$ cat coords_28.cif   # mmCIF, C-alpha atoms
data_my_file
#
loop_
_atom_site.group_PDB
_atom_site.id
_atom_site.type_symbol
_atom_site.label_atom_id
_atom_site.label_comp_id
_atom_site.auth_asym_id
_atom_site.auth_seq_id
_atom_site.Cartn_x
_atom_site.Cartn_y
_atom_site.Cartn_z
ATOM 1 C CA MET S 1 100.378 -19.091 56.383
ATOM 2 C CA ALA S 2 100.023 -19.378 52.641
ATOM 3 C CA SER S 3 102.537 -22.183 52.291
ATOM 4 C CA THR S 4 100.421 -24.619 54.280
ATOM 5 C CA LYS S 5 96.985 -23.465 53.087
ATOM 6 C CA ASN S 6 94.760 -26.517 52.650
ATOM 7 C CA GLN S 7 97.695 -28.813 53.370
ATOM 8 C CA PRO S 8 96.598 -31.742 55.532
ATOM 9 C CA VAL S 9 98.202 -32.272 58.909
ATOM 10 C CA LEU S 10 100.324 -35.393 59.300
ATOM 11 C CA LEU S 11 102.219 -35.825 62.562
ATOM 12 C CA GLN S 12 103.482 -38.531 64.832
ATOM 13 C CA THR S 13 104.078 -38.618 68.578
ATOM 14 C CA LYS S 14 105.494 -41.358 70.768
ATOM 15 C CA ARG S 15 102.213 -43.303 70.892
ATOM 16 C CA PHE S 16 99.967 -41.748 68.259
ATOM 17 C CA SER S 17 99.685 -40.542 64.722
ATOM 18 C CA LEU S 18 97.689 -37.456 63.877
ATOM 19 C CA ARG S 19 96.295 -36.704 60.462
ATOM 20 C CA SER S 20 93.645 -34.612 58.826
ATOM 21 C CA LEU S 21 90.543 -36.719 58.369
ATOM 22 C CA LYS S 22 88.909 -37.497 55.065
ATOM 23 C CA PRO S 23 85.258 -38.363 54.423
ATOM 24 C CA THR S 24 86.316 -41.974 53.978
ATOM 25 C CA ASP S 25 87.360 -41.992 57.657
ATOM 26 C CA ALA S 26 83.685 -41.843 58.675
ATOM 27 C CA ALA S 27 83.154 -45.006 60.676
ATOM 28 C CA GLU S 28 80.736 -46.669 63.060
ATOM 29 C CA ARG S 29 83.241 -46.201 65.885
ATOM 30 C CA TRP S 30 83.024 -42.407 65.564
ATOM 31 C CA ILE S 31 79.245 -42.471 65.141
ATOM 32 C CA ASN S 32 79.012 -44.371 68.421
ATOM 33 C CA TRP S 33 81.023 -41.667 70.207
ATOM 34 C CA LEU S 34 78.548 -39.067 68.978
ATOM 35 C CA LYS S 35 75.690 -41.074 70.498
ATOM 36 C CA ASP S 36 77.416 -41.480 73.866
ATOM 37 C CA PRO S 37 76.469 -38.911 76.536
ATOM 38 C CA ASP S 38 79.611 -39.787 78.526
ATOM 39 C CA VAL S 39 81.735 -38.676 75.591
ATOM 40 C CA MET S 40 79.744 -35.713 74.321
ATOM 41 C CA GLY S 41 78.163 -34.480 77.583
ATOM 42 C CA PRO S 42 81.324 -32.801 78.946
ATOM 43 C CA LEU S 43 81.478 -30.826 75.686
ATOM 44 C CA ASN S 44 77.843 -29.706 76.026
ATOM 45 C CA VAL S 45 77.054 -31.352 72.733
ATOM 46 C CA PRO S 46 73.809 -33.322 72.705
ATOM 47 C CA PRO S 47 74.118 -36.954 71.604
ATOM 48 C CA ARG S 48 73.672 -37.177 67.831
ATOM 49 C CA GLN S 49 72.150 -39.991 65.842
ATOM 50 C CA TRP S 50 74.200 -39.447 62.719
ATOM 51 C CA ASN S 51 74.607 -41.927 59.933
ATOM 52 C CA VAL S 52 77.753 -42.403 57.898
ATOM 53 C CA ARG S 53 76.600 -40.011 55.188
ATOM 54 C CA GLU S 54 76.024 -37.217 57.739
ATOM 55 C CA LEU S 55 79.398 -37.818 59.340
ATOM 56 C CA MET S 56 81.057 -37.719 55.925
ATOM 57 C CA ALA S 57 79.423 -34.354 55.263
ATOM 58 C CA HIS S 58 80.682 -33.078 58.618
ATOM 59 C CA ILE S 59 84.218 -34.200 57.837
ATOM 60 C CA SER S 60 83.988 -32.539 54.451
ATOM 61 C CA SER S 61 83.343 -29.195 56.165
ATOM 62 C CA ALA S 62 86.985 -29.126 57.276
ATOM 63 C CA ASP S 63 89.198 -27.330 54.773
ATOM 64 C CA ASN S 64 92.597 -27.586 56.520
ATOM 65 C CA HIS S 65 92.751 -23.810 56.550
ATOM 66 C CA GLU S 66 90.005 -22.317 58.681
ATOM 67 C CA ARG S 67 88.764 -25.604 60.105
ATOM 68 C CA TYR S 68 90.717 -28.745 60.794
ATOM 69 C CA LEU S 69 89.366 -32.144 61.777
ATOM 70 C CA ILE S 70 92.332 -34.212 62.858
ATOM 71 C CA GLY S 71 92.133 -37.842 63.903
ATOM 72 C CA ILE S 72 94.119 -39.362 66.746
ATOM 73 C CA PHE S 73 95.260 -42.888 65.848
ATOM 74 C CA ASP S 74 96.887 -45.418 68.161
ATOM 75 C CA LEU S 75 100.212 -46.301 66.562
ATOM 76 C CA VAL S 76 99.983 -49.936 67.669
ATOM 77 C CA SER S 77 96.437 -50.860 66.689
ATOM 78 C CA LYS S 78 96.120 -48.155 63.960
ATOM 79 C CA VAL S 79 92.622 -47.521 65.332
ATOM 80 C CA GLN S 80 91.221 -44.008 65.633
ATOM 81 C CA ILE S 81 90.648 -43.185 69.304
ATOM 82 C CA GLY S 82 89.605 -39.549 69.087
ATOM 83 C CA PHE S 83 89.822 -36.342 67.143
ATOM 84 C CA TYR S 84 90.476 -32.618 67.261
ATOM 85 C CA MET S 85 88.400 -29.874 65.751
ATOM 86 C CA ILE S 86 90.502 -26.747 65.401
ATOM 87 C CA ASP S 87 88.977 -23.505 64.162
ATOM 88 C CA VAL S 88 91.387 -20.879 62.866
ATOM 89 C CA ASP S 89 90.807 -17.144 62.768
ATOM 90 C CA ILE S 90 93.113 -16.254 59.901
ATOM 91 C CA ILE S 91 93.032 -12.507 60.525
ATOM 92 C CA HIS S 92 93.973 -12.789 64.179
ATOM 93 C CA ARG S 93 96.257 -15.834 63.735
ATOM 94 C CA ARG S 94 94.372 -17.601 66.488
ATOM 95 C CA ALA S 95 93.378 -21.263 66.716
ATOM 96 C CA THR S 96 90.624 -22.584 68.977
ATOM 97 C CA PHE S 97 91.167 -26.181 70.031
ATOM 98 C CA ASN S 98 88.472 -28.749 70.801
ATOM 99 C CA ALA S 99 89.400 -32.337 71.561
ATOM 100 C CA VAL S 100 87.513 -35.588 72.003
ATOM 101 C CA VAL S 101 88.927 -38.914 73.136
ATOM 102 C CA GLY S 102 86.103 -41.239 72.208
ATOM 103 C CA GLU S 103 87.678 -44.512 73.313
ATOM 104 C CA LYS S 104 87.165 -44.609 77.068
ATOM 105 C CA THR S 105 89.984 -47.086 77.624
ATOM 106 C CA TRP S 106 92.316 -44.190 76.768
ATOM 107 C CA TRP S 107 90.858 -41.733 79.270
ATOM 108 C CA GLY S 108 93.331 -40.583 81.907
ATOM 109 C CA LYS S 109 96.322 -41.773 79.873
ATOM 110 C CA GLY S 110 97.719 -38.475 78.709
ATOM 111 C CA VAL S 111 96.425 -38.678 75.138
ATOM 112 C CA ILE S 112 95.467 -35.030 74.874
ATOM 113 C CA ASN S 113 98.628 -33.435 76.164
ATOM 114 C CA GLU S 114 100.884 -35.728 74.157
ATOM 115 C CA THR S 115 99.029 -35.090 70.914
ATOM 116 C CA ARG S 116 98.179 -31.446 71.493
ATOM 117 C CA ALA S 117 101.861 -30.687 72.057
ATOM 118 C CA ALA S 118 102.584 -31.884 68.530
ATOM 119 C CA LEU S 119 99.688 -29.862 67.157
ATOM 120 C CA LEU S 120 100.796 -26.723 68.996
ATOM 121 C CA ASP S 121 104.254 -27.108 67.483
ATOM 122 C CA GLU S 122 102.723 -27.544 64.036
ATOM 123 C CA PHE S 123 100.318 -24.629 64.248
ATOM 124 C CA PHE S 124 102.732 -22.204 65.921
ATOM 125 C CA ILE S 125 105.793 -23.046 63.846
ATOM 126 C CA ASN S 126 104.419 -24.038 60.456
ATOM 127 C CA ARG S 127 100.913 -22.604 60.157
ATOM 128 C CA GLY S 128 101.341 -19.009 61.311
ATOM 129 C CA ILE S 129 99.302 -19.232 64.493
ATOM 130 C CA GLU S 130 100.319 -16.887 67.292
ATOM 131 C CA LYS S 131 97.712 -17.733 69.927
ATOM 132 C CA ALA S 132 95.870 -20.902 70.892
ATOM 133 C CA VAL S 133 92.598 -20.862 72.798
ATOM 134 C CA GLY S 134 90.557 -23.502 74.608
ATOM 135 C CA MET S 135 87.161 -23.012 76.182
ATOM 136 C CA PRO S 136 86.181 -25.993 78.346
ATOM 137 C CA LEU S 137 83.096 -26.076 80.496
ATOM 138 C CA ALA S 138 84.108 -25.215 84.046
ATOM 139 C CA ARG S 139 82.963 -28.616 85.288
ATOM 140 C CA ASN S 140 84.832 -30.550 82.622
ATOM 141 C CA PHE S 141 87.566 -31.158 85.172
ATOM 142 C CA PRO S 142 89.676 -33.569 83.078
ATOM 143 C CA ALA S 143 89.880 -30.986 80.278
ATOM 144 C CA VAL S 144 90.716 -28.236 82.757
ATOM 145 C CA PHE S 145 93.473 -30.440 84.176
ATOM 146 C CA ASN S 146 94.946 -30.920 80.712
ATOM 147 C CA TYR S 147 95.114 -27.204 79.975
ATOM 148 C CA LYS S 148 96.710 -26.403 83.306
ATOM 149 C CA ALA S 149 99.153 -29.297 83.202
ATOM 150 C CA GLN S 150 100.253 -28.231 79.721
ATOM 151 C CA GLY S 151 100.984 -24.663 80.793
ATOM 152 C CA TRP S 152 98.024 -22.812 79.308
ATOM 153 C CA HIS S 153 96.903 -19.677 81.158
ATOM 154 C CA HIS S 154 93.453 -19.337 82.692
ATOM 155 C CA GLU S 155 92.409 -16.059 81.090
ATOM 156 C CA GLY S 156 88.935 -15.800 82.485
ATOM 157 C CA THR S 157 85.789 -17.397 83.783
ATOM 158 C CA LEU S 158 82.720 -16.844 81.644
ATOM 159 C CA ARG S 159 79.775 -17.167 83.977
ATOM 160 C CA GLY S 160 76.572 -18.619 82.598
ATOM 161 C CA HIS S 161 78.139 -18.448 79.168
ATOM 162 C CA CYS S 162 76.084 -21.168 77.539
ATOM 163 C CA ILE S 163 72.931 -23.151 78.074
ATOM 164 C CA SER S 164 73.178 -26.792 79.007
ATOM 165 C CA LEU S 165 71.878 -28.701 76.017
ATOM 166 C CA THR S 166 70.774 -31.511 78.286
ATOM 167 C CA GLY S 167 69.321 -29.656 81.255
ATOM 168 C CA GLY S 168 68.591 -26.083 80.226
ATOM 169 C CA THR S 169 70.584 -24.459 83.052
ATOM 170 C CA ARG S 170 73.282 -21.940 82.236
ATOM 171 C CA LEU S 171 76.835 -23.254 82.418
ATOM 172 C CA ASP S 172 80.130 -21.588 83.260
ATOM 173 C CA GLN S 173 83.078 -21.835 80.911
ATOM 174 C CA TYR S 174 86.744 -21.008 81.213
ATOM 175 C CA GLN S 175 88.927 -19.448 78.615
ATOM 176 C CA PHE S 176 92.457 -20.802 78.490
ATOM 177 C CA GLY S 177 95.051 -19.240 76.246
ATOM 178 C CA LEU S 178 98.546 -20.037 75.110
ATOM 179 C CA ALA S 179 100.781 -17.624 73.219
ATOM 180 C CA LYS S 180 103.344 -18.873 70.734
ATOM 181 C CA ALA S 181 106.259 -17.319 72.611
ATOM 182 C CA HIS S 182 105.164 -18.888 75.880
ATOM 183 C CA TRP S 183 104.787 -22.309 74.280
ATOM 184 C CA LEU S 184 108.186 -22.169 72.645
ATOM 185 C CA GLY S 185 109.611 -21.133 76.000
ATOM 186 C CA LEU S 186 107.992 -24.112 77.677
ATOM 187 C CA ARG S 187 109.476 -26.354 74.978
ATOM 188 C CA GLY S 188 112.879 -24.916 75.821
ATOM 189 C CA GLY S 189 113.709 -24.173 72.228
ATOM 190 C CA SER S 190 113.711 -27.890 71.508
ATOM 191 C CA VAL S 191 111.363 -27.582 68.559
ATOM 192 C CA MET G 192 93.518 -33.798 111.390
ATOM 193 C CA GLY G 193 94.631 -30.352 110.205
ATOM 194 C CA SER G 194 93.798 -28.889 106.826
ATOM 195 C CA SER G 195 97.220 -29.727 105.387
ATOM 196 C CA ASP G 196 97.055 -33.355 106.453
ATOM 197 C CA ARG G 197 93.473 -33.679 105.271
ATOM 198 C CA ALA G 198 94.409 -32.098 101.931
ATOM 199 C CA LYS G 199 97.235 -34.596 101.495
ATOM 200 C CA GLN G 200 94.930 -37.498 102.323
ATOM 201 C CA LEU G 201 92.283 -36.322 99.840
ATOM 202 C CA LEU G 202 94.923 -35.977 97.141
ATOM 203 C CA ALA G 203 96.414 -39.386 97.971
ATOM 204 C CA ASP G 204 92.985 -41.012 97.754
ATOM 205 C CA ALA G 205 92.315 -39.326 94.395
ATOM 206 C CA LEU G 206 95.704 -40.453 93.086
ATOM 207 C CA ASN G 207 95.296 -43.973 94.525
ATOM 208 C CA CYS G 208 98.612 -43.786 96.336
ATOM 209 C CA ASP G 209 100.047 -43.579 99.809
ATOM 210 C CA ALA G 210 100.103 -40.088 101.285
ATOM 211 C CA ALA G 211 103.797 -40.561 102.040
ATOM 212 C CA LEU G 212 104.492 -40.463 98.278
ATOM 213 C CA ILE G 213 103.131 -36.940 97.994
ATOM 214 C CA SER G 214 105.580 -34.140 98.646
ATOM 215 C CA GLY G 215 104.432 -30.833 100.067
ATOM 216 C CA ASP G 216 105.282 -28.955 96.882
ATOM 217 C CA VAL G 217 103.523 -31.327 94.471
ATOM 218 C CA ARG G 218 102.090 -29.444 91.477
ATOM 219 C CA ILE G 219 99.605 -30.231 88.783
ATOM 220 C CA GLY G 220 101.391 -31.563 85.709
ATOM 221 C CA GLN G 221 104.513 -32.534 87.629
ATOM 222 C CA PHE G 222 103.468 -35.791 89.254
ATOM 223 C CA GLU G 223 102.627 -38.679 86.949
ATOM 224 C CA ARG G 224 99.873 -40.082 89.132
ATOM 225 C CA TRP G 225 98.049 -36.742 89.078
ATOM 226 C CA ASP G 226 96.337 -37.278 85.728
ATOM 227 C CA SER G 227 93.082 -35.938 84.339
ATOM 228 C CA LEU G 228 90.883 -38.609 85.928
ATOM 229 C CA ALA G 229 92.657 -38.250 89.279
ATOM 230 C CA HIS G 230 91.960 -34.528 89.056
ATOM 231 C CA LEU G 231 88.282 -35.246 88.506
ATOM 232 C CA ARG G 232 88.247 -37.527 91.565
ATOM 233 C CA LEU G 233 90.081 -34.872 93.592
ATOM 234 C CA ILE G 234 87.633 -32.072 92.799
ATOM 235 C CA LEU G 235 84.635 -34.284 93.567
ATOM 236 C CA ALA G 236 86.241 -35.372 96.852
ATOM 237 C CA ILE G 237 86.864 -31.755 97.871
ATOM 238 C CA GLU G 238 83.265 -30.916 97.054
ATOM 239 C CA GLN G 239 82.068 -33.839 99.129
ATOM 240 C CA GLU G 240 84.295 -32.732 102.000
ATOM 241 C CA LEU G 241 82.966 -29.175 101.825
ATOM 242 C CA GLY G 242 79.380 -30.237 101.228
ATOM 243 C CA ARG G 243 78.977 -27.942 98.235
ATOM 244 C CA GLU G 244 80.054 -27.428 94.648
ATOM 245 C CA LEU G 245 83.189 -25.395 94.188
ATOM 246 C CA ASP G 246 82.837 -22.001 92.595
ATOM 247 C CA PRO G 247 84.589 -22.009 89.190
ATOM 248 C CA ASP G 248 87.197 -19.550 90.427
ATOM 249 C CA GLU G 249 87.948 -21.830 93.379
ATOM 250 C CA ALA G 250 88.204 -24.951 91.246
ATOM 251 C CA VAL G 251 90.513 -23.426 88.663
ATOM 252 C CA ARG G 252 92.956 -22.281 91.335
ATOM 253 C CA ILE G 253 93.678 -25.848 92.505
ATOM 254 C CA GLU G 254 97.212 -26.495 91.339
ATOM 255 C CA GLY G 255 98.901 -27.919 94.406
ATOM 256 C CA LEU G 256 98.541 -29.222 97.911
ATOM 257 C CA ALA G 257 98.557 -25.757 99.428
ATOM 258 C CA ASP G 258 95.559 -24.718 97.322
ATOM 259 C CA ILE G 259 93.563 -27.686 98.603
ATOM 260 C CA ALA G 260 94.569 -26.980 102.207
ATOM 261 C CA THR G 261 93.573 -23.334 101.808
ATOM 262 C CA LEU G 262 90.122 -24.319 100.594
ATOM 263 C CA LEU G 263 89.623 -26.781 103.441
ATOM 264 C CA GLY G 264 91.002 -24.329 105.997
ATOM 265 C CA ALA G 265 88.693 -21.545 104.872
ATOM 266 C CA ALA G 266 85.729 -23.861 105.254
ATOM 267 C CA ARG G 267 86.743 -24.718 108.798
ATOM 268 C CA ARG G 268 87.298 -21.154 110.012
ATOM 269 C CA PRO G 269 84.326 -19.821 111.981
ATOM 270 C CA LEU G 270 82.533 -16.878 110.482
ATOM 271 C CA THR G 271 83.327 -13.650 112.316
ATOM 272 C CA ARG G 272 81.582 -10.333 112.293
#
$ encode --input "coords_28.cif" --output "structure tokens"
Amino acid sequence: MASTKNQPVLLQTKRFSLRSLKPTDAAERWINWLKDPDVMGPLNVPPRQWNVRELMAHISSADNHERYLIGIFDLVSKVQIGFYMIDVDIIHRRATFNAVVGEKTWWGKGVINETRAALLDEFFINRGIEKAVGMPLARNFPAVFNYKAQGWHHEGTLRGHCISLTGGTRLDQYQFGLAKAHWLGLRGGSV
Amino acid sequence: MGSSDRAKQLLADALNCDAALISGDVRIGQFERWDSLAHLRLILAIEQELGRELDPDEAVRIEGLADIATLLGAARRPLTR
């Protein structure tokens, strides 16, 4: 993993570019996503009233080694439509994926599975990761769909695993996992 | 309408397509119309049909038409002692 330590991610898919974000990427568009309960609610993140300076500080927390913040940019408009936060456990060569598509016009259009495929290739092949993990809320059905449609395994249901930050009730979560060998098998050796 | 037919109709409604376009072996991730928002509509429609929220282990097992029919069929079977 040493060869890519702190190296930013820069990838392209059919419709999107993906790159590690910099503090200068902090923008009103992103701040508006953080305020929007439709966007943040399914992630059990309370709406945040951040300003640009706070968002810049958040972006700065990503070191492209143990934490990645990667923007999803529409290739046509060049506009950022969402982002990934990927936390890496170096010891266990495991990456935990979180994704947000902030622009609602892109919901239901396959953004996540197109872009996450490129990221899985990058992390498994070039960044030493051997297992990917995702932990959506059980009632985040679009996210659950994406994991299943992409071939991740449902590894368990974590009952009452977290407290709803909007309602106080306890929420169920799933753990989905994807091993490097399984992913490369799904890709048919084409990567 | 039997459970299989009802399952196909619920899926067709969620996917905004004619039931005739849905094959019996349709699977999640293998039919373009079955996208993430269609999946959301499908789960909510099943819950409305059953009159209750799905248990997480029920919801996560929905990968094809047969899984939907099984859920609907179980709800229709009378309880026996």
$ residues_around --input "coords_28.cif" --residues "S:Ala26" --least-positions-apart "4" --cutoff "7 Å" --atoms "only C-alpha atoms" --output "list in words"
Trp30, Val52, Leu55 and Met56 of chain S
$ write_last_selection --input "coords_28.cif" --atoms "C-alpha atoms" --output "short mmCIF file (atom, residue, chain, number, x, y, z; two decimals), in the coordinates of the input"
data_model
loop_
_atom_site.label_atom_id
_atom_site.label_comp_id
_atom_site.auth_asym_id
_atom_site.auth_seq_id
_atom_site.Cartn_x
_atom_site.Cartn_y
_atom_site.Cartn_z
CA TRP S 30 83.02 -42.41 65.56
CA VAL S 52 77.75 -42.40 57.90
CA LEU S 55 79.40 -37.82 59.34
CA MET S 56 81.06 -37.72 55.92
#
$ closest_residue --input "coords_28.cif" --among "G:Leu231, G:Ala257, G:Leu263, G:Ala203" --to "G:Asp216" --atoms "all atoms listed in the file"
G:Ala257
$ interface_residues --input "coords_28.cif" --of "chain G" --to "chain S" --cutoff "8 Å" --atoms "all atoms listed in the file" --output "list in words"
Ile219, Gly220, Gln221, Asp226, Ser227, Leu228, Ala229, His230, Leu231, Ile234, Pro247, Asp248 and Val251 of chain G
$ write_last_selection --input "coords_28.cif" --atoms "C-alpha atoms" --output "short mmCIF file (atom, residue, chain, number, x, y, z; two decimals), in the frame of the given file"
data_model
loop_
_atom_site.label_atom_id
_atom_site.label_comp_id
_atom_site.auth_asym_id
_atom_site.auth_seq_id
_atom_site.Cartn_x
_atom_site.Cartn_y
_atom_site.Cartn_z
CA ILE G 219 99.60 -30.23 88.78
CA GLY G 220 101.39 -31.56 85.71
CA GLN G 221 104.51 -32.53 87.63
CA ASP G 226 96.34 -37.28 85.73
CA SER G 227 93.08 -35.94 84.34
CA LEU G 228 90.88 -38.61 85.93
CA ALA G 229 92.66 -38.25 89.28
CA HIS G 230 91.96 -34.53 89.06
CA LEU G 231 88.28 -35.25 88.51
CA ILE G 234 87.63 -32.07 92.80
CA PRO G 247 84.59 -22.01 89.19
CA ASP G 248 87.20 -19.55 90.43
CA VAL G 251 90.51 -23.43 88.66
#
$ residues_around --input "coords_28.cif" --residues "G:Leu262" --least-positions-apart "2" --cutoff "12 Å" --atoms "only C-alpha atoms" --output "number ranges by chain"
G: 194-195, 197-198, 234, 237-238, 240-241, 243, 245-246, 248-260, 264-268
$ residues_around --input "coords_28.cif" --residues "G:Ala205" --least-positions-apart "4" --cutoff "7 Å" --atoms "all atoms listed in the file" --output "list in words"
Leu201, Ala229, Arg232 and Leu233 of chain G
$ resolve_selection --input "coords_28.cif" --expression "the PyMOL selection byres ((chain S and resi 126) around 12)" --output "JSON, numbers by chain"
{"S": [1, 2, 3, 4, 5, 7, 9, 118, 119, 120, 121, 122, 123, 124, 125, 127, 128, 129, 130, 180, 191]}
$ write_last_selection --input "coords_28.cif" --atoms "C-alpha atoms" --output "tab-separated table (two decimals), keeping the file's coordinate frame"
chain	number	residue	atom	x	y	z
S	1	MET	CA	100.38	-19.09	56.38
S	2	ALA	CA	100.02	-19.38	52.64
S	3	SER	CA	102.54	-22.18	52.29
S	4	THR	CA	100.42	-24.62	54.28
S	5	LYS	CA	96.98	-23.46	53.09
S	7	GLN	CA	97.70	-28.81	53.37
S	9	VAL	CA	98.20	-32.27	58.91
S	118	ALA	CA	102.58	-31.88	68.53
S	119	LEU	CA	99.69	-29.86	67.16
S	120	LEU	CA	100.80	-26.72	69.00
S	121	ASP	CA	104.25	-27.11	67.48
S	122	GLU	CA	102.72	-27.54	64.04
S	123	PHE	CA	100.32	-24.63	64.25
S	124	PHE	CA	102.73	-22.20	65.92
S	125	ILE	CA	105.79	-23.05	63.85
S	127	ARG	CA	100.91	-22.60	60.16
S	128	GLY	CA	101.34	-19.01	61.31
S	129	ILE	CA	99.30	-19.23	64.49
S	130	GLU	CA	100.32	-16.89	67.29
S	180	LYS	CA	103.34	-18.87	70.73
S	191	VAL	CA	111.36	-27.58	68.56
$ closest_residue --input "coords_28.cif" --among "S:Gly134, S:Val100, S:Ala179, S:Leu69" --to "S:Gly41" --atoms "only C-alpha atoms"
S:Val100
$ closest_residue --input "coords_28.cif" --among "S:Val39, S:Ser60, S:Trp183, S:Arg19" --to "S:Lys104" --atoms "all atoms listed in the file"
S:Val39
$ resolve_selection --input "coords_28.cif" --expression "the PyMOL selection byres ((chain S and resi 91-94) around 7)" --output "list in words"
Val88, Asp89, Ile90, Ala95, Thr96, Gly128, Ile129, Glu130, Lys131 and Ala132 of chain S
$ write_last_selection --input "coords_28.cif" --atoms "C-alpha atoms" --output "compact mmCIF listing (two decimals), in the frame of the given file"
# COMPACT_ATOMS: atom_id res chain seq x y z
CA VAL S 88 91.39 -20.88 62.87
CA ASP S 89 90.81 -17.14 62.77
CA ILE S 90 93.11 -16.25 59.90
CA ALA S 95 93.38 -21.26 66.72
CA THR S 96 90.62 -22.58 68.98
CA GLY S 128 101.34 -19.01 61.31
CA ILE S 129 99.30 -19.23 64.49
CA GLU S 130 100.32 -16.89 67.29
CA LYS S 131 97.71 -17.73 69.93
CA ALA S 132 95.87 -20.90 70.89
$ decode --input "coords_28.cif" --residues "stretch 147-166 of chain S" --atoms "C-alpha atoms" --output "compact mmCIF listing (two decimals), in the first residue's frame"
# COMPACT_ATOMS: atom_id res chain seq x y z
CA TYR S 147 -25.15 -3.22 -2.73
CA LYS S 148 -27.18 -6.22 -3.80
CA ALA S 149 -27.22 -5.28 -7.48
CA GLN S 150 -23.44 -4.87 -7.41
CA GLY S 151 -22.86 -8.33 -5.94
CA TRP S 152 -21.99 -7.47 -2.34
CA HIS S 153 -22.90 -10.09 0.27
CA HIS S 154 -25.35 -9.40 3.09
CA GLU S 155 -23.19 -10.45 6.02
CA GLY S 156 -25.55 -9.62 8.82
CA THR S 157 -28.36 -7.57 10.25
CA LEU S 158 -27.41 -5.41 13.20
CA ARG S 159 -30.60 -4.88 15.14
CA GLY S 160 -31.06 -1.59 16.94
CA HIS S 161 -27.47 -0.79 16.09
CA CYS S 162 -27.75 2.98 16.23
CA ILE S 163 -30.03 5.69 17.49
CA SER S 164 -32.02 7.72 15.03
CA LEU S 165 -30.57 11.21 15.17
CA THR S 166 -33.91 12.65 14.16
